[in-house]
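Colleague: Below you'll find the structure I mean.
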Amino acid sequence: MKKALDAGFGHAELALLLRALAFSAARHRDQRRKDAGASPYINHPIALADVLVNEGQVHEVNVLVAALLHDTLEDTETSPAEIEAAFGAAILEVVLEVTDDKNLEKAERKRLQIAHAAHISREAKLVKLADKICNLRDVAETPPAHWSIERKREYFDWAKQVIDALRGVHPVLEAVFDRACEKRPL
Ligand code: NDP
Ligand code: ZN
């Protein structure tokens, strides 16, 4: 508790964080992850926040809120205006920075993630780092059903290219990412 207060995490920040968690849970309520057990989607945004706080000691509320909301624009009916109204322009900006343009082909979106990674804000880099850590763990431990080994390897290799482009933002979380990379299927 003391540490959280030292980091400036008071009642207002806790209230904002829980509002974001409730908002994200409501928006993702009918979605499941792609693992064989079809885990509730909300487990994934919660996992990002958990990694940021408990493995990265990241206590900035804007980063944690953006992590909880990071897939709402891309994967639910949520609009940017709703995020701005509920959480403000600064958090919207970070969520937009980690949102792919769904009008583009999948391969182009993947290419752009690599090309853009160095140029996004520090806050967005932290969210992206946590997202890739969580997704590599998922691919290693609870992968999408029917993914071949080759497809898992391709996912690891692409994620590494994205993270290599933003290195220098948080050495501890980058080391956590590198450990997750060690689970790349042989
Ligand atoms: P997808 O982008 O379709 O799936 C990966 C994404 O799904 C993750 O980034 C994650 O995104 C989300 N996700 C949900 N559940 C899980 C889970 N349990 N484990 C991991 N991720 C999960 O797949 P690809 O990355 O393979 O991208 C598709 C590309 O692959 C296309 O370019 C396509 O052409 C190509 N492709 C390759 C094939 C192959 O065999 N190599 C076969 C078919 C297509 P988030 O965190 O945002 O939710
Ligand atoms: Zn994600």
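Residue numbering restarts at 1 for every chain of the structure tokens, chains are lettered A, B, ... in their displayed order, and ligands are numbered from 1 as they appear.
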Hey, which bits of range 28-59 of chain A sit within 9 Å of range 139-142 of chain A, and for each residue what's the closest pair of atoms and how far apart in Å (one decimal), counting only C-alpha atoms, rows by chain and increasing number, as JSON lines?
Modeller:
{"residue": "A:Lys34", "atom": "CA", "partner": "A:Thr142", "partner_atom": "CA", "distance": 8.6}
{"residue": "A:Asp35", "atom": "CA", "partner": "A:Thr142", "partner_atom": "CA", "distance": 5.5}
{"residue": "A:Ala36", "atom": "CA", "partner": "A:Thr142", "partner_atom": "CA", "distance": 7.2}
{"residue": "A:Gly37", "atom": "CA", "partner": "A:Thr142", "partner_atom": "CA", "distance": 8.2}
Colleague: Which residues are near Ala22 in chain A? Cut-off 12 Å, only C-alpha atoms, ignore same chain within fewer than 4 positions. Put them as a PyMOL selection string.
Modeller: chain A and resi 15-18+26-29+42+45-46+65+68-69+86
Colleague: Give me a file of those residues, with C-alpha atoms, as a compact mmCIF listing (two decimals), in the first residue's frame.
Modeller:
# COMPACT_ATOMS: atom_id res chain seq x y z
CA ALA A 15 -11.29 4.79 -8.99
CA LEU A 16 -10.20 5.49 -12.60
CA LEU A 17 -8.46 2.10 -12.86
CA LEU A 18 -11.51 0.20 -11.68
CA ALA A 26 -18.50 -4.82 -20.32
CA ARG A 27 -17.20 -4.20 -23.86
CA HIS A 28 -15.44 -7.57 -24.14
CA ARG A 29 -18.21 -9.47 -22.32
CA ILE A 42 -11.03 -9.79 -20.26
CA PRO A 45 -6.25 -6.92 -20.59
CA ILE A 46 -6.03 -7.88 -16.91
CA VAL A 65 -5.84 2.28 -17.85
CA LEU A 68 -7.02 -2.34 -19.72
CA LEU A 69 -8.63 -0.57 -22.69
CA ALA A 86 -15.04 8.44 -20.24
Colleague: Please identify all protein, DNA and RNA residues within 9 Å of ligand 2, counting only C-alpha atoms and all ligand atoms, and report them as a PyMOL selection string.
Modeller: chain A and resi 44-45+48+67+70-71+98+127-128+130-132+134-135
Colleague: Restricted to N, CA and C atoms, what would the selected residues look like written as a PDB file, in the first residue's frame?
Modeller:
ATOM      1  N   HIS A  44      -7.171 -11.176 -20.748  1.00  0.00           N
ATOM      2  CA  HIS A  44      -5.988 -10.665 -21.449  1.00  0.00           C
ATOM      3  C   HIS A  44      -5.651  -9.223 -21.050  1.00  0.00           C
ATOM      4  N   PRO A  45      -6.585  -8.255 -21.096  1.00  0.00           N
ATOM      5  CA  PRO A  45      -6.245  -6.920 -20.593  1.00  0.00           C
ATOM      6  C   PRO A  45      -5.825  -6.929 -19.122  1.00  0.00           C
ATOM      7  N   LEU A  48      -2.190  -7.891 -18.948  1.00  0.00           N
ATOM      8  CA  LEU A  48      -1.262  -6.795 -19.267  1.00  0.00           C
ATOM      9  C   LEU A  48      -1.027  -5.923 -18.041  1.00  0.00           C
ATOM     10  N   ALA A  67      -3.733   0.059 -20.839  1.00  0.00           N
ATOM     11  CA  ALA A  67      -3.562  -1.398 -20.989  1.00  0.00           C
ATOM     12  C   ALA A  67      -4.907  -2.110 -20.862  1.00  0.00           C
ATOM     13  N   HIS A  70      -6.822  -1.518 -24.096  1.00  0.00           N
ATOM     14  CA  HIS A  70      -6.034  -1.503 -25.334  1.00  0.00           C
ATOM     15  C   HIS A  70      -6.692  -2.212 -26.516  1.00  0.00           C
ATOM     16  N   ASP A  71      -7.582  -3.162 -26.266  1.00  0.00           N
ATOM     17  CA  ASP A  71      -8.221  -3.858 -27.394  1.00  0.00           C
ATOM     18  C   ASP A  71      -9.679  -3.443 -27.600  1.00  0.00           C
ATOM     19  N   VAL A  98      -1.957   2.067 -30.014  1.00  0.00           N
ATOM     20  CA  VAL A  98      -1.783   0.603 -30.015  1.00  0.00           C
ATOM     21  C   VAL A  98      -2.939  -0.092 -30.744  1.00  0.00           C
ATOM     22  N   VAL A 127       2.599  -0.358 -23.078  1.00  0.00           N
ATOM     23  CA  VAL A 127       1.412  -1.193 -23.310  1.00  0.00           C
ATOM     24  C   VAL A 127       1.741  -2.266 -24.354  1.00  0.00           C
ATOM     25  N   LYS A 128       2.432  -1.874 -25.399  1.00  0.00           N
ATOM     26  CA  LYS A 128       2.765  -2.822 -26.465  1.00  0.00           C
ATOM     27  C   LYS A 128       3.695  -3.929 -25.953  1.00  0.00           C
ATOM     28  N   ALA A 130       3.900  -5.046 -22.865  1.00  0.00           N
ATOM     29  CA  ALA A 130       3.099  -5.958 -22.035  1.00  0.00           C
ATOM     30  C   ALA A 130       2.200  -6.836 -22.904  1.00  0.00           C
ATOM     31  N   ASP A 131       1.649  -6.272 -23.973  1.00  0.00           N
ATOM     32  CA  ASP A 131       0.773  -7.035 -24.874  1.00  0.00           C
ATOM     33  C   ASP A 131       1.541  -8.192 -25.512  1.00  0.00           C
ATOM     34  N   LYS A 132       2.751  -7.910 -25.976  1.00  0.00           N
ATOM     35  CA  LYS A 132       3.535  -8.957 -26.646  1.00  0.00           C
ATOM     36  C   LYS A 132       4.022 -10.002 -25.639  1.00  0.00           C
ATOM     37  N   CYS A 134       2.406 -10.936 -22.979  1.00  0.00           N
ATOM     38  CA  CYS A 134       1.227 -11.768 -22.678  1.00  0.00           C
ATOM     39  C   CYS A 134       0.876 -12.665 -23.853  1.00  0.00           C
ATOM     40  N   ASN A 135       0.979 -12.149 -25.067  1.00  0.00           N
ATOM     41  CA  ASN A 135       0.607 -12.971 -26.216  1.00  0.00           C
ATOM     42  C   ASN A 135       1.622 -14.084 -26.468  1.00  0.00           C
TER      43      ASN A 135
END
Colleague: Out of A:His116, A:Arg19, A:Lys125, A:Lys152, which residue has the shortest atom-to-atom distance to ligand 1 when counting only C-alpha atoms and all ligand atoms?
Modeller: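 Among A:His116, A:Arg19, A:Lys125, A:Lys152, it is A:Lys152 that comes nearest to ligand 1.
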Colleague: Using only C-alpha atoms for the distances, tell me which of A:Ala90, A:Leu73, A:Ala145, A:Val162 is nearest to Arg109 in chain A.
Modeller: A:Val162
Colleague: Output as a ChimeraX atom specification all residues of range 154-184 of chain A that backbone DSSP marks as helix (DSSP H, G or I).
Modeller: /A:154-164,171-181
Colleague: Go ahead and write the residues just picked, N, CA, C and O atoms, as a compact mmCIF listing (two decimals), in the first residue's frame.
Modeller:
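Final file, result_11.txt:
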# COMPACT_ATOMS: atom_id res chain seq x y z
N GLU A 154 6.32 -18.19 -36.35
CA GLU A 154 6.17 -16.92 -37.07
C GLU A 154 5.67 -15.83 -36.15
O GLU A 154 6.09 -14.67 -36.23
N TYR A 155 4.73 -16.21 -35.24
CA TYR A 155 4.21 -15.20 -34.31
C TYR A 155 5.32 -14.71 -33.39
O TYR A 155 5.48 -13.50 -33.16
N PHE A 156 6.12 -15.64 -32.85
CA PHE A 156 7.25 -15.25 -31.98
C PHE A 156 8.20 -14.32 -32.74
O PHE A 156 8.67 -13.32 -32.20
N ASP A 157 8.52 -14.67 -33.98
CA ASP A 157 9.51 -13.90 -34.74
C ASP A 157 8.99 -12.49 -35.05
O ASP A 157 9.73 -11.51 -34.97
N TRP A 158 7.70 -12.41 -35.39
CA TRP A 158 7.10 -11.09 -35.65
C TRP A 158 7.08 -10.25 -34.37
O TRP A 158 7.47 -9.07 -34.38
N ALA A 159 6.64 -10.84 -33.26
CA ALA A 159 6.58 -10.09 -31.99
C ALA A 159 7.96 -9.56 -31.62
O ALA A 159 8.10 -8.43 -31.15
N LYS A 160 8.99 -10.38 -31.86
CA LYS A 160 10.36 -9.94 -31.54
C LYS A 160 10.77 -8.75 -32.41
O LYS A 160 11.42 -7.82 -31.94
N GLN A 161 10.37 -8.76 -33.65
CA GLN A 161 10.69 -7.62 -34.52
C GLN A 161 10.02 -6.34 -34.03
O GLN A 161 10.60 -5.26 -34.07
N VAL A 162 8.78 -6.46 -33.55
CA VAL A 162 8.07 -5.28 -33.02
C VAL A 162 8.82 -4.75 -31.78
O VAL A 162 9.11 -3.56 -31.69
N ILE A 163 9.13 -5.66 -30.87
CA ILE A 163 9.75 -5.23 -29.60
C ILE A 163 11.18 -4.75 -29.82
O ILE A 163 11.62 -3.78 -29.20
N ASP A 164 11.92 -5.37 -30.73
CA ASP A 164 13.29 -4.91 -31.01
C ASP A 164 13.28 -3.45 -31.47
O ASP A 164 14.24 -2.71 -31.24
N PRO A 171 14.02 -1.56 -19.51
CA PRO A 171 14.91 -2.73 -19.56
C PRO A 171 14.38 -3.95 -18.81
O PRO A 171 14.58 -5.08 -19.26
N VAL A 172 13.71 -3.74 -17.68
CA VAL A 172 13.21 -4.90 -16.91
C VAL A 172 12.15 -5.64 -17.71
O VAL A 172 12.19 -6.87 -17.87
N LEU A 173 11.18 -4.91 -18.25
CA LEU A 173 10.13 -5.57 -19.04
C LEU A 173 10.69 -6.14 -20.35
O LEU A 173 10.20 -7.15 -20.84
N GLU A 174 11.72 -5.49 -20.90
CA GLU A 174 12.34 -6.06 -22.10
C GLU A 174 13.00 -7.40 -21.77
O GLU A 174 12.96 -8.34 -22.57
N ALA A 175 13.58 -7.50 -20.56
CA ALA A 175 14.16 -8.78 -20.14
C ALA A 175 13.06 -9.82 -19.90
O ALA A 175 13.24 -11.01 -20.21
N VAL A 176 11.92 -9.39 -19.38
CA VAL A 176 10.78 -10.29 -19.22
C VAL A 176 10.34 -10.79 -20.60
O VAL A 176 10.05 -11.98 -20.80
N PHE A 177 10.30 -9.87 -21.58
CA PHE A 177 9.95 -10.28 -22.95
C PHE A 177 10.96 -11.30 -23.48
O PHE A 177 10.58 -12.32 -24.08
N ASP A 178 12.25 -11.05 -23.25
CA ASP A 178 13.28 -11.97 -23.75
C ASP A 178 13.11 -13.36 -23.14
O ASP A 178 13.32 -14.37 -23.82
N ARG A 179 12.72 -13.39 -21.86
CA ARG A 179 12.47 -14.72 -21.24
C ARG A 179 11.26 -15.39 -21.88
O ARG A 179 11.25 -16.59 -22.10
N ALA A 180 10.23 -14.60 -22.20
CA ALA A 180 9.07 -15.18 -22.88
C ALA A 180 9.49 -15.74 -24.25
O ALA A 180 8.97 -16.77 -24.69
N CYS A 181 10.43 -15.07 -24.91
CA CYS A 181 10.90 -15.53 -26.23
C CYS A 181 11.58 -16.89 -26.17
O CYS A 181 11.62 -17.61 -27.18
Colleague: Taking only C-alpha atoms and all ligand atoms into account, name the residue in A:Ala81, A:Ile120, A:Val53, A:Ala47 that is nearest to ligand 1.
Modeller: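 Closest candidate: A:Ala47.
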Colleague: Between A:Lys110, A:His119, A:His170, A:Lys183, which is the closest to Val58 in chain A once you count only C-alpha atoms?
Modeller: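 Between A:Lys110, A:His119, A:His170, A:Lys183, the residue approaching Val58 in chain A most closely is A:His170.
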Colleague: So, with only C-alpha atoms and all ligand atoms as the atoms that count, which of A:Ala124, A:Leu186, A:Ala38, A:Leu96 lies closest to ligand 1?
Modeller: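 Checking each candidate against ligand 1, we get A:Ala38 as the closest.
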Colleague: Given the choices A:Arg184, A:His59, A:Arg167, A:Arg151, which gets closest to Ala118 in chain A if the distance is worked out from only C-alpha atoms?
Modeller: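 Counting only C-alpha atoms, the residue closest to Ala118 in chain A is A:Arg167.
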Colleague: Excluding same-chain residues fewer than 2 positions from Glu60 in chain A, what lies within 8 Å of it counting only C-alpha atoms, as number ranges by chain?
Modeller: A: 7, 9, 58, 62-64
